[in-house]
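One file, start16.txt, is given below (compact mmCIF, C-alpha atoms and all ligand atoms).
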# COMPACT_ATOMS: atom_id res chain seq x y z
CA MET J 1 19.00 -16.11 21.45
CA ASP J 2 19.03 -15.62 17.65
CA LYS J 3 20.99 -12.69 16.30
CA LYS J 4 18.79 -9.63 15.81
CA ILE J 5 17.95 -8.39 12.33
CA ARG J 6 19.50 -4.95 12.03
CA TYR J 7 17.54 -2.18 10.33
CA ALA J 8 18.57 1.19 8.92
CA VAL J 9 15.72 3.64 8.36
CA ILE J 10 16.02 5.98 5.35
CA GLY J 11 13.45 8.79 5.57
CA CYS J 12 12.47 9.77 9.12
CA GLY J 13 9.34 11.84 8.50
CA ASP J 14 5.81 11.06 9.56
CA PHE J 15 5.53 7.53 8.14
CA GLY J 16 9.14 6.69 8.99
CA GLY J 17 7.95 7.39 12.55
CA ASN J 18 4.97 5.08 12.08
CA HIS J 19 7.38 2.30 11.05
CA LEU J 20 9.65 3.00 14.02
CA TYR J 21 6.67 2.73 16.37
CA SER J 22 6.27 -0.87 15.15
CA LEU J 23 9.96 -1.71 14.72
CA VAL J 24 10.73 -1.03 18.39
CA GLN J 25 7.98 -3.46 19.41
CA ILE J 26 9.49 -6.38 17.49
CA ASP J 27 12.02 -8.31 19.57
CA GLU J 28 13.87 -9.76 16.59
CA ILE J 29 14.71 -6.29 15.25
CA GLU J 30 17.34 -3.75 16.25
CA VAL J 31 17.38 -0.29 14.63
CA VAL J 32 21.05 0.65 14.20
CA ALA J 33 20.95 3.73 11.96
CA LEU J 34 18.69 6.56 10.84
CA MET J 35 19.17 8.67 7.72
CA ASP J 36 17.28 11.70 6.41
CA LEU J 37 18.14 14.71 4.26
CA HIS J 38 17.05 16.71 7.33
CA ILE J 39 19.21 15.17 10.06
CA GLU J 40 17.05 16.81 12.75
CA HIS J 41 14.26 14.38 11.78
CA CYS J 42 16.61 11.49 12.65
CA GLU J 43 17.55 13.08 15.98
CA GLU J 44 13.89 13.64 16.82
CA LYS J 45 12.91 10.02 16.03
CA LYS J 46 15.97 8.73 17.89
CA ALA J 47 14.76 10.56 21.00
CA THR J 48 11.08 9.63 20.59
CA TYR J 49 11.76 5.92 20.17
CA LYS J 50 14.66 5.82 22.68
CA LEU J 51 17.14 4.47 20.11
CA SER J 52 20.23 5.36 22.13
CA ASN J 53 22.48 3.00 20.09
CA ALA J 54 21.36 4.23 16.66
CA ASN J 55 23.56 6.64 14.69
CA CYS J 56 22.12 9.51 12.64
CA TYR J 57 23.16 10.49 9.11
CA ASP J 58 22.23 12.97 6.42
CA ASN J 59 24.30 11.19 3.78
CA LEU J 60 23.31 7.78 2.39
CA GLU J 61 26.76 6.71 1.18
CA GLU J 62 28.35 7.58 4.53
CA MET J 63 25.76 5.49 6.39
CA PHE J 64 26.40 2.49 4.15
CA GLU J 65 30.17 2.84 4.62
CA LYS J 66 30.00 3.05 8.41
CA GLU J 67 27.09 0.81 9.40
CA ASP J 68 26.57 -2.93 9.31
CA PHE J 69 22.89 -3.85 8.84
CA ASP J 70 20.57 -6.33 7.12
CA VAL J 71 17.49 -4.38 6.04
CA ALA J 72 17.03 -0.87 4.67
CA LEU J 73 13.59 0.61 5.30
CA VAL J 74 12.93 3.24 2.63
CA ALA J 75 10.29 5.70 3.87
CA THR J 76 11.44 8.79 1.99
CA SER J 77 9.07 10.81 -0.14
CA ASP J 78 8.24 9.00 -3.39
CA ARG J 79 11.11 10.29 -5.56
CA GLY J 80 13.62 8.83 -3.08
CA HIS J 81 12.24 5.27 -3.28
CA ALA J 82 13.98 4.03 -6.43
CA PRO J 83 17.47 5.49 -5.87
CA SER J 84 17.61 4.48 -2.18
CA THR J 85 16.18 1.00 -2.83
CA ILE J 86 18.50 0.23 -5.74
CA TYR J 87 21.53 1.53 -3.80
CA ALA J 88 20.65 -0.65 -0.81
CA LEU J 89 20.05 -3.78 -2.91
CA GLN J 90 23.32 -3.26 -4.76
CA HIS J 91 25.04 -3.05 -1.37
CA GLY J 92 23.64 -6.42 -0.31
CA LYS J 93 20.70 -5.31 1.86
CA HIS J 94 17.11 -6.50 1.93
CA VAL J 95 14.66 -3.63 1.45
CA VAL J 96 11.24 -2.65 2.76
CA CYS J 97 10.14 0.20 0.48
CA GLU J 98 7.10 2.40 1.00
CA LYS J 99 4.33 2.71 -1.59
CA PRO J 100 3.94 3.82 -4.28
CA MET J 101 6.99 1.78 -5.24
CA SER J 102 7.81 4.58 -7.70
CA LEU J 103 5.89 7.15 -9.71
CA PHE J 104 7.28 5.52 -12.88
CA VAL J 105 7.06 2.00 -14.33
CA ASP J 106 10.64 1.97 -15.65
CA GLU J 107 12.01 2.69 -12.17
CA CYS J 108 9.90 -0.17 -10.75
CA VAL J 109 11.37 -2.48 -13.38
CA ASP J 110 14.90 -1.40 -12.36
CA MET J 111 14.08 -2.01 -8.69
CA VAL J 112 12.78 -5.54 -9.37
CA LYS J 113 15.85 -6.25 -11.49
CA ALA J 114 18.17 -4.98 -8.73
CA ALA J 115 16.49 -7.29 -6.19
CA ASP J 116 16.72 -10.27 -8.54
CA GLU J 117 20.40 -9.59 -9.28
CA ALA J 118 21.23 -9.13 -5.59
CA GLY J 119 19.21 -12.19 -4.52
CA LYS J 120 17.72 -10.05 -1.74
CA HIS J 121 14.13 -9.60 -0.55
CA LEU J 122 12.21 -6.51 -1.64
CA LEU J 123 8.92 -5.86 0.17
CA VAL J 124 6.74 -2.94 -1.00
CA GLY J 125 4.48 -1.30 1.57
CA GLN J 126 1.12 -2.07 -0.02
CA VAL J 127 -0.18 -2.23 3.50
CA CYS J 128 -3.82 -3.03 2.68
CA ARG J 129 -2.81 -6.66 2.19
CA TYR J 130 -1.99 -6.72 5.92
CA ALA J 131 -5.25 -5.04 7.08
CA PRO J 132 -7.36 -7.65 8.94
CA GLY J 133 -10.68 -6.68 7.27
CA PHE J 134 -9.27 -6.92 3.77
CA MET J 135 -7.53 -10.20 4.63
CA LYS J 136 -10.85 -11.59 5.87
CA ALA J 137 -12.59 -10.42 2.69
CA LYS J 138 -10.01 -12.15 0.51
CA GLU J 139 -10.35 -15.34 2.56
CA LEU J 140 -14.15 -15.32 2.13
CA VAL J 141 -13.77 -14.88 -1.64
CA GLU J 142 -11.18 -17.65 -1.88
CA ASP J 143 -13.34 -20.00 0.17
CA GLY J 144 -16.13 -19.48 -2.35
CA VAL J 145 -18.47 -18.02 0.28
CA ILE J 146 -19.83 -15.32 -2.07
CA GLY J 147 -19.72 -17.52 -5.15
CA GLU J 148 -18.21 -16.25 -8.37
CA LEU J 149 -17.03 -12.61 -8.41
CA TYR J 150 -18.68 -10.42 -11.02
CA PHE J 151 -18.02 -6.84 -9.85
CA VAL J 152 -15.41 -5.35 -7.50
CA GLU J 153 -14.98 -1.77 -6.39
CA SER J 154 -12.75 0.17 -4.04
CA GLU J 155 -12.09 3.81 -3.28
CA TYR J 156 -9.47 6.00 -1.74
CA ALA J 157 -11.01 9.23 -0.50
CA HIS J 158 -8.65 11.27 1.63
CA ASP J 159 -8.77 14.99 2.39
CA TYR J 160 -5.21 16.12 1.53
CA LEU J 161 -5.78 19.80 2.32
CA GLY J 162 -2.67 20.89 4.23
CA LEU J 163 -1.03 17.49 3.69
CA ASP J 164 1.53 18.39 1.07
CA GLY J 165 4.42 16.68 2.93
CA ILE J 166 7.84 17.93 4.06
CA ASP J 167 9.25 20.20 1.30
CA GLY J 168 5.90 19.85 -0.53
CA TRP J 169 6.63 16.48 -2.19
CA ARG J 170 2.95 15.47 -2.46
CA THR J 171 2.42 18.30 -4.94
CA ASP J 172 4.80 16.63 -7.40
CA VAL J 173 3.37 17.08 -10.90
CA GLU J 174 3.77 13.33 -11.53
CA ARG J 175 1.95 12.31 -8.35
CA GLU J 176 -1.55 11.88 -9.67
CA PRO J 177 -3.86 10.75 -6.82
CA ILE J 178 -4.45 7.40 -8.50
CA ILE J 179 -0.72 6.66 -8.06
CA GLY J 180 0.12 8.37 -4.77
CA GLY J 181 -2.97 7.33 -2.81
CA ALA J 182 -5.25 5.04 -4.80
CA CYS J 183 -2.39 2.63 -5.49
CA HIS J 184 -3.81 1.11 -2.25
CA ALA J 185 -7.26 0.53 -3.77
CA ILE J 186 -5.82 -0.77 -7.03
CA ASP J 187 -3.42 -3.10 -5.26
CA LEU J 188 -6.26 -4.44 -3.13
CA LEU J 189 -8.45 -5.24 -6.13
CA ARG J 190 -5.50 -6.80 -7.99
CA TRP J 191 -4.86 -9.01 -4.96
CA ILE J 192 -8.46 -10.20 -4.90
CA ALA J 193 -9.50 -10.21 -8.58
CA GLY J 194 -6.19 -10.52 -10.46
CA ASP J 195 -4.36 -8.21 -12.86
CA PRO J 196 -6.77 -6.02 -14.82
CA ILE J 197 -6.54 -6.23 -18.58
CA GLU J 198 -7.77 -2.79 -19.65
CA THR J 199 -9.01 0.46 -18.16
CA THR J 200 -11.03 3.53 -19.07
CA ALA J 201 -10.68 6.54 -16.78
CA TYR J 202 -11.79 10.12 -16.22
CA SER J 203 -10.19 12.78 -14.00
CA ASN J 204 -11.04 16.29 -12.93
CA HIS J 205 -9.61 19.06 -10.76
CA LYS J 206 -12.11 21.11 -8.79
CA ASN J 207 -10.86 21.06 -5.22
CA LEU J 208 -7.12 21.47 -4.66
CA LYS J 209 -6.84 24.35 -7.11
CA ASP J 210 -3.20 25.16 -6.36
CA TRP J 211 -2.05 21.54 -6.79
CA PRO J 212 -0.53 20.65 -10.17
CA THR J 213 -2.36 17.33 -10.60
CA ASN J 214 -5.99 16.32 -10.92
CA ASP J 215 -7.59 15.65 -7.54
CA THR J 216 -10.30 13.19 -8.57
CA THR J 217 -10.29 10.12 -10.81
CA VAL J 218 -12.66 7.29 -11.56
CA ALA J 219 -11.41 4.27 -13.46
CA ILE J 220 -13.26 1.19 -14.68
CA PHE J 221 -11.50 -2.09 -15.37
CA LYS J 222 -11.87 -5.42 -17.08
CA PHE J 223 -10.38 -8.09 -14.81
CA PRO J 224 -9.69 -11.75 -15.72
CA ASN J 225 -12.64 -14.20 -15.69
CA ASN J 226 -15.04 -11.53 -16.99
CA VAL J 227 -15.02 -9.63 -13.67
CA ILE J 228 -15.58 -5.89 -14.03
CA GLY J 229 -14.45 -3.27 -11.53
CA LYS J 230 -14.12 0.34 -10.54
CA VAL J 231 -11.81 2.52 -8.44
CA PHE J 232 -12.71 6.05 -7.31
CA THR J 233 -10.22 8.41 -5.75
CA SER J 234 -10.47 11.94 -4.45
CA ILE J 235 -7.78 13.81 -2.52
CA GLY J 236 -9.77 17.03 -2.32
CA CYS J 237 -12.89 15.52 -0.74
CA LYS J 238 -14.60 16.94 2.34
CA ARG J 239 -15.03 13.79 4.42
CA GLU J 240 -13.09 11.33 6.59
CA TYR J 241 -10.57 9.00 5.04
CA THR J 242 -12.16 5.84 3.63
CA MET J 243 -11.18 2.82 1.60
CA ARG J 244 -14.66 1.33 1.36
CA THR J 245 -14.51 -1.78 -0.79
CA VAL J 246 -17.38 -3.85 -2.14
CA LEU J 247 -17.02 -7.30 -3.64
CA TYR J 248 -20.05 -8.68 -5.45
CA GLY J 249 -20.36 -12.43 -6.03
CA THR J 250 -23.11 -14.66 -7.40
CA LYS J 251 -23.98 -15.92 -3.88
CA GLY J 252 -23.25 -12.89 -1.77
CA THR J 253 -21.68 -9.46 -1.27
CA ILE J 254 -18.94 -8.18 1.03
CA ILE J 255 -18.69 -4.57 2.20
CA VAL J 256 -15.49 -3.78 4.06
CA ASP J 257 -13.58 -0.63 4.97
CA ASN J 258 -10.27 -0.43 6.79
CA THR J 259 -11.82 2.23 9.04
CA ASN J 260 -14.78 0.11 10.19
CA PRO J 261 -14.73 -2.73 12.76
CA ASP J 262 -17.64 -4.52 11.03
CA LEU J 263 -17.29 -6.40 7.76
CA ILE J 264 -20.76 -6.79 6.24
CA LEU J 265 -21.53 -10.02 4.46
CA TYR J 266 -24.79 -10.51 2.56
CA LEU J 267 -25.50 -14.11 1.67
CA GLU J 268 -28.08 -16.03 -0.21
CA GLN J 269 -29.86 -18.06 2.47
CA ILE J 270 -29.36 -21.67 1.52
CA ASP J 271 -29.42 -24.77 3.67
CA GLY J 272 -26.09 -25.30 5.34
CA ALA J 273 -24.99 -21.66 4.88
CA PRO J 274 -21.94 -21.12 7.08
CA PHE J 275 -23.38 -18.21 9.10
CA ALA J 276 -26.49 -17.79 11.24
CA ALA J 277 -29.37 -16.00 9.50
CA GLY J 278 -30.70 -12.55 10.45
CA GLN J 279 -33.48 -11.06 8.30
CA VAL J 280 -32.94 -7.38 7.38
CA LYS J 281 -35.43 -4.83 6.08
CA GLY J 282 -34.85 -4.05 2.42
CA LEU J 283 -33.38 -7.41 1.57
CA SER J 284 -35.17 -10.13 -0.31
CA GLU J 285 -36.39 -13.01 1.88
CA LYS J 286 -33.63 -15.09 0.42
CA THR J 287 -30.79 -12.73 1.39
CA VAL J 288 -29.46 -12.37 4.92
CA LYS J 289 -27.05 -9.88 6.45
CA HIS J 290 -24.18 -10.92 8.70
CA MET J 291 -21.75 -8.72 10.57
CA ILE J 292 -18.23 -10.00 11.14
CA LYS J 293 -16.02 -8.17 13.64
CA VAL J 294 -12.57 -7.28 12.30
CA GLU J 295 -9.66 -5.39 13.79
CA ILE J 296 -9.10 -2.03 12.08
CA ALA J 297 -5.23 -1.90 11.95
CA ASN J 298 -5.35 0.03 8.68
CA HIS J 299 -1.62 0.86 8.57
CA ASN J 300 -0.37 -2.50 9.80
CA VAL J 301 3.34 -2.04 9.04
CA TYR J 302 4.07 -4.31 12.04
CA GLU J 303 3.02 -7.28 9.89
CA GLU J 304 5.10 -6.03 6.95
CA HIS J 305 8.20 -6.28 9.13
CA LYS J 306 7.16 -9.65 10.58
CA SER J 307 6.85 -10.82 6.98
CA MET J 308 10.34 -9.55 6.15
CA ILE J 309 11.77 -11.37 9.18
CA ALA J 310 10.02 -14.61 8.19
CA ALA J 311 11.39 -14.26 4.65
CA ILE J 312 14.96 -13.72 5.88
CA LYS J 313 14.88 -16.42 8.55
CA ASP J 314 12.73 -19.12 6.94
CA GLY J 315 12.37 -18.15 3.29
CA ALA J 316 8.63 -17.52 3.84
CA PRO J 317 6.88 -15.90 0.85
CA ILE J 318 6.18 -12.15 0.90
CA LYS J 319 2.74 -11.16 -0.39
CA THR J 320 3.80 -7.62 -1.33
CA THR J 321 6.97 -8.30 -3.32
CA GLY J 322 8.66 -5.83 -5.64
CA ARG J 323 6.93 -7.48 -8.59
CA GLU J 324 3.51 -6.94 -6.98
CA GLY J 325 4.34 -3.30 -6.18
CA ALA J 326 5.51 -2.79 -9.75
CA ARG J 327 2.39 -4.32 -11.32
CA THR J 328 0.23 -2.02 -9.22
CA VAL J 329 2.16 0.99 -10.59
CA CYS J 330 1.62 -0.39 -14.14
CA VAL J 331 -2.15 -0.24 -13.55
CA CYS J 332 -1.96 3.25 -12.01
CA ARG J 333 0.01 4.56 -14.97
CA ALA J 334 -2.46 3.04 -17.44
CA VAL J 335 -5.28 4.87 -15.62
CA VAL J 336 -3.40 8.18 -15.88
CA GLN J 337 -2.81 7.56 -19.59
CA SER J 338 -6.46 6.69 -20.21
CA ALA J 339 -7.74 9.83 -18.48
CA LYS J 340 -5.20 11.99 -20.31
CA GLU J 341 -5.78 10.55 -23.77
CA GLY J 342 -9.52 10.01 -23.41
CA LYS J 343 -9.43 6.38 -24.53
CA THR J 344 -9.37 2.82 -23.25
CA VAL J 345 -5.86 1.57 -22.48
CA GLN J 346 -4.65 -2.04 -22.56
CA ILE J 347 -2.51 -2.54 -19.44
CA GLU J 348 1.04 -3.77 -19.96
CA TYR J 349 3.05 -5.57 -17.30
CA PRO J 350 6.78 -5.54 -18.12
CA VAL J 351 7.57 -7.37 -14.86
N1 LIG J 401 1.59 2.85 3.52
C1 LIG J 401 0.86 3.93 3.73
O1 LIG J 401 -0.35 3.87 3.91
C2 LIG J 401 1.55 5.28 3.74
C3 LIG J 401 1.01 6.33 4.51
C4 LIG J 401 1.68 7.55 4.50
C5 LIG J 401 2.84 7.71 3.74
N2 LIG J 401 3.30 6.66 2.99
C6 LIG J 401 4.48 6.82 2.13
O2 LIG J 401 5.63 7.01 2.96
C7 LIG J 401 6.53 7.91 2.34
C8 LIG J 401 6.87 9.04 3.32
O3 LIG J 401 5.68 9.74 3.64
P1 LIG J 401 5.62 10.68 4.93
O4 LIG J 401 4.18 10.91 5.20
O5 LIG J 401 6.49 10.14 6.00
O6 LIG J 401 6.28 12.02 4.38
P2 LIG J 401 7.01 13.16 5.22
O7 LIG J 401 7.00 14.37 4.37
O8 LIG J 401 6.43 13.26 6.59
O9 LIG J 401 8.50 12.61 5.39
C9 LIG J 401 9.36 12.32 4.32
C10 LIG J 401 10.77 12.31 4.87
O10 LIG J 401 11.67 11.81 3.86
C11 LIG J 401 12.84 12.65 3.86
N3 LIG J 401 13.47 12.49 2.56
C12 LIG J 401 13.01 12.87 1.34
N4 LIG J 401 13.84 12.45 0.36
C13 LIG J 401 14.84 11.77 0.98
C14 LIG J 401 15.98 11.08 0.51
N5 LIG J 401 16.26 11.00 -0.80
N6 LIG J 401 16.79 10.48 1.41
C15 LIG J 401 16.51 10.56 2.75
N7 LIG J 401 15.44 11.20 3.24
C16 LIG J 401 14.61 11.80 2.37
C17 LIG J 401 12.32 14.03 4.17
O11 LIG J 401 13.34 14.88 4.62
C18 LIG J 401 11.28 13.73 5.24
O12 LIG J 401 11.83 13.70 6.53
C19 LIG J 401 5.86 8.36 1.04
O13 LIG J 401 6.36 7.63 -0.04
C20 LIG J 401 4.40 8.04 1.25
O14 LIG J 401 3.72 7.74 0.05
C21 LIG J 401 2.69 5.46 3.01
Please, can you express the file's structure as structure tokens?
Ligand SMILES: NC(=O)c1ccc[n+]([C@@H]2O[C@H](COP(=O)([O-])OP(=O)(O)OC[C@H]3O[C@@H](n4cnc5c(N)ncnc54)[C@H](O)[C@@H]3O)[C@@H](O)[C@H]2O)c1
Amino acid sequence: MDKKIRYAVIGCGDFGGNHLYSLVQIDEIEVVALMDLHIEHCEEKKATYKLSNANCYDNLEEMFEKEDFDVALVATSDRGHAPSTIYALQHGKHVVCEKPMSLFVDECVDMVKAADEAGKHLLVGQVCRYAPGFMKAKELVEDGVIGELYFVESEYAHDYLGLDGIDGWRTDVEREPIIGGACHAIDLLRWIAGDPIETTAYSNHKNLKDWPTNDTTVAIFKFPNNVIGKVFTSIGCKREYTMRTVLYGTKGTIIVDNTNPDLILYLEQIDGAPFAAGQVKGLSEKTVKHMIKVEIANHNVYEEHKSMIAAIKDGAPIKTTGREGARTVCVCRAVVQSAKEGKTVQIEYPV
């Protein structure tokens, strides 16, 4: 049997637990160490996931001195991503780092540079690229099924009331919702429509009154090929979590949400159309509605780790590299700047 890929988990809170749930299901992986500023979180996860051979630490340097491993999973709160990731890369480890890669573009640049210099893989947890519905939507666009894209929109609406994180890290003054949460929606649109060129954005703050950031933002974008787009985010909303995404093309429209098992596809009814027709009230006679079943799996970190294994073992490409994570943060930061300064911002990509 092949040697197992050894993981150390840095940050054993809620989402560190979500990763461990998947890690223990992957035969090729062995979790050898757990680290957290609160060591009791390591002990708790060690017990929950029956990791009897894993050692627990509350000191990063000590763990690196004592443990032999291949991959560091960084699932700390956002401010811990850059220092832990750079430290791990400089000590010869591959890294899976949670999103947002960092709250700051310059830290993202340093992280990409550290991965390049180390010659190690850096995978950023932009998990929407592993969600089956979004993958299907991208495939339909790439196959030309909806023709030429002309408008794309996504949203990240998530009720954060009471969700400020251990030690209150989500209320960081730099964690505008467009970075902390809607980096998912922005990354998804970048993946499908390319890197936006400019943005104009507006924010307000009417819900989470005791939070230091805005709680709502809408941003419009110019994408390549004269595609226009929009992202809406609210972290103070009174509704269930949604990432409803709509992709409009000259021959059809896709509506997909990572909380819904049906992807809706509207298509111009032409001879030889790839799907069976089904007339729907409210549609023109020439447009038909199709429902495509998709798995929900909206936090599919299992596939992130399978991707890391394939990269290590076979050199397979990673779709959420450090560069991709960094470019998403560049867009998020441009949105924050636009809303703050009240003007259109040209988006710069230093990586
Ligand atoms: N991909 C997704 O959809 C998704 C979903 C939820 C959270 N996240 C991300 O995962 C990260 C963790 O979120 P969470 O919900 O688990 O938060 P959490 O508050 O439940 O846990 C964070 C943990 O990190 C530890 N920690 C903080 N700084 C540390 C450091 N420097 N070194 C070691 N440990 C440190 C804390 O003690 C805590 O145990 C965040 O960056 C968040 O944005 C991603």
With all atoms listed in the file as the atoms that count, which of J:Ile318, J:Ala118, J:Leu161, J:Ile166 lies nearest to ligand LIG 401 (chain J)?
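For ligand LIG 401 (chain J), the nearest of the given residues is J:Ile166.
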I need the residue nearest Asp78 of chain J from this list: J:Gly180, J:Ser52, J:Ala33, J:Ser154. Use all atoms listed in the file for the distance.
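Comparing J:Gly180, J:Ser52, J:Ala33, J:Ser154 against Asp78 of chain J, the winner is J:Gly180.
Each of J:Leu123, J:Ile292, J:Leu60, J:Ile197 was compared to Gly322 of chain J using all atoms listed in the file, and J:Leu123 turns out to be the nearest.
Between atom O14 of ligand LIG 401 (chain J) and atom CA of Gln337 of chain J there is a distance of 20.7 Å.
Distances here use all atoms listed in the file; by that measure, the residue among J:Gly125, J:Pro100, J:Pro132, J:Pro196 closest to Gln346 of chain J is J:Pro196.
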Within-6 Å residues of ligand LIG 401 (chain J), basis only C-alpha atoms and all ligand atoms, as a PDB file with C-alpha atoms, in the coordinates of the input:
ATOM      1  CA  ILE J  10      16.020   5.980   5.350  1.00  0.00           C
ATOM      2  CA  GLY J  11      13.450   8.790   5.570  1.00  0.00           C
ATOM      3  CA  CYS J  12      12.470   9.770   9.120  1.00  0.00           C
ATOM      4  CA  GLY J  13       9.340  11.840   8.500  1.00  0.00           C
ATOM      5  CA  ASP J  14       5.810  11.060   9.560  1.00  0.00           C
ATOM      6  CA  PHE J  15       5.530   7.530   8.140  1.00  0.00           C
ATOM      7  CA  GLY J  16       9.140   6.690   8.990  1.00  0.00           C
ATOM      8  CA  MET J  35      19.170   8.670   7.720  1.00  0.00           C
ATOM      9  CA  ASP J  36      17.280  11.700   6.410  1.00  0.00           C
ATOM     10  CA  LEU J  37      18.140  14.710   4.260  1.00  0.00           C
ATOM     11  CA  HIS J  38      17.050  16.710   7.330  1.00  0.00           C
ATOM     12  CA  HIS J  41      14.260  14.380  11.780  1.00  0.00           C
ATOM     13  CA  ALA J  75      10.290   5.700   3.870  1.00  0.00           C
ATOM     14  CA  THR J  76      11.440   8.790   1.990  1.00  0.00           C
ATOM     15  CA  SER J  77       9.070  10.810  -0.140  1.00  0.00           C
ATOM     16  CA  ASP J  78       8.240   9.000  -3.390  1.00  0.00           C
ATOM     17  CA  GLY J  80      13.620   8.830  -3.080  1.00  0.00           C
ATOM     18  CA  GLU J  98       7.100   2.400   1.000  1.00  0.00           C
ATOM     19  CA  LYS J  99       4.330   2.710  -1.590  1.00  0.00           C
ATOM     20  CA  PRO J 100       3.940   3.820  -4.280  1.00  0.00           C
ATOM     21  CA  GLY J 125       4.480  -1.300   1.570  1.00  0.00           C
ATOM     22  CA  VAL J 127      -0.180  -2.230   3.500  1.00  0.00           C
ATOM     23  CA  GLY J 165       4.420  16.680   2.930  1.00  0.00           C
ATOM     24  CA  ILE J 166       7.840  17.930   4.060  1.00  0.00           C
ATOM     25  CA  HIS J 299      -1.620   0.860   8.570  1.00  0.00           C
TER      26      HIS J 299
END
Can you tell me which residues surround Ile86 of chain J at a distance of at most 8 Å, considering all atoms listed in the file, apart from same-chain residues fewer than 2 positions away, and format the answer as a PyMOL selection string?
chain J and resi 82-84+88-90+110-111+114-115
Do you know which residues are at most 8 Å from Tyr202 of chain J counting all atoms listed in the file, after dropping those on the same chain fewer than 4 positions away, and could you put them as a PDB file with C-alpha atoms, in the frame of the given file?
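File produced: out-v9.pdb:
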ATOM      1  CA  THR J 217     -10.290  10.120 -10.810  1.00  0.00           C
ATOM      2  CA  VAL J 218     -12.660   7.290 -11.560  1.00  0.00           C
ATOM      3  CA  ALA J 219     -11.410   4.270 -13.460  1.00  0.00           C
ATOM      4  CA  SER J 338      -6.460   6.690 -20.210  1.00  0.00           C
ATOM      5  CA  ALA J 339      -7.740   9.830 -18.480  1.00  0.00           C
ATOM      6  CA  LYS J 340      -5.200  11.990 -20.310  1.00  0.00           C
ATOM      7  CA  GLY J 342      -9.520  10.010 -23.410  1.00  0.00           C
TER       8      GLY J 342
END
Find the residues near Gly144 of chain J: any atom within 10 Å, counting only C-alpha atoms, skip ones fewer than 4 places away on the same chain, and give them as a VMD selection string.
chain J and resid 138 to 140 148 to 149 249 to 252
Calculate how many Å separate atom CA of His121 of chain J from atom CA of His94 of chain J, rounding to one decimal.
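Calculated distance between atom CA of His121 of chain J and atom CA of His94 of chain J is 5.0 Å.
The list of residues with at least one atom within 10 Å of Ala297 of chain J, based on all atoms listed in the file and without residues fewer than 3 positions apart in the same chain, reads Val127, Cys128, Tyr130, Ala131, Pro132, Gly133, Asn258, Thr259, Asn260, Pro261, Val294, Asn300, Val301 and Tyr302 of chain J.
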Give as a PyMOL selection string every residue, naming chains and numbers as the document does, that has an atom within 9 Å of (-22.2, -6.7, 2.7), counting only C-alpha atoms.
chain J and resi 246-248+252-256+263-267+289-291
Restricted to C-alpha atoms, what would the selected residues look like written as a PDB file, keeping the file's coordinate frame?
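File result.pdb, as written:
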ATOM      1  CA  VAL J 246     -17.380  -3.850  -2.140  1.00  0.00           C
ATOM      2  CA  LEU J 247     -17.020  -7.300  -3.640  1.00  0.00           C
ATOM      3  CA  TYR J 248     -20.050  -8.680  -5.450  1.00  0.00           C
ATOM      4  CA  GLY J 252     -23.250 -12.890  -1.770  1.00  0.00           C
ATOM      5  CA  THR J 253     -21.680  -9.460  -1.270  1.00  0.00           C
ATOM      6  CA  ILE J 254     -18.940  -8.180   1.030  1.00  0.00           C
ATOM      7  CA  ILE J 255     -18.690  -4.570   2.200  1.00  0.00           C
ATOM      8  CA  VAL J 256     -15.490  -3.780   4.060  1.00  0.00           C
ATOM      9  CA  LEU J 263     -17.290  -6.400   7.760  1.00  0.00           C
ATOM     10  CA  ILE J 264     -20.760  -6.790   6.240  1.00  0.00           C
ATOM     11  CA  LEU J 265     -21.530 -10.020   4.460  1.00  0.00           C
ATOM     12  CA  TYR J 266     -24.790 -10.510   2.560  1.00  0.00           C
ATOM     13  CA  LEU J 267     -25.500 -14.110   1.670  1.00  0.00           C
ATOM     14  CA  LYS J 289     -27.050  -9.880   6.450  1.00  0.00           C
ATOM     15  CA  HIS J 290     -24.180 -10.920   8.700  1.00  0.00           C
ATOM     16  CA  MET J 291     -21.750  -8.720  10.570  1.00  0.00           C
TER      17      MET J 291
END
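For the choices J:Phe69, J:Tyr349, J:Trp211, J:Tyr160, the atom-to-atom distance to Gly181 of chain J is smallest for J:Tyr160 when using all atoms listed in the file.
Take the candidates J:Asp257, J:Tyr241, J:Tyr49, J:Cys183 and check each one against Ala137 of chain J using only C-alpha atoms; the shortest distance goes to J:Asp257.
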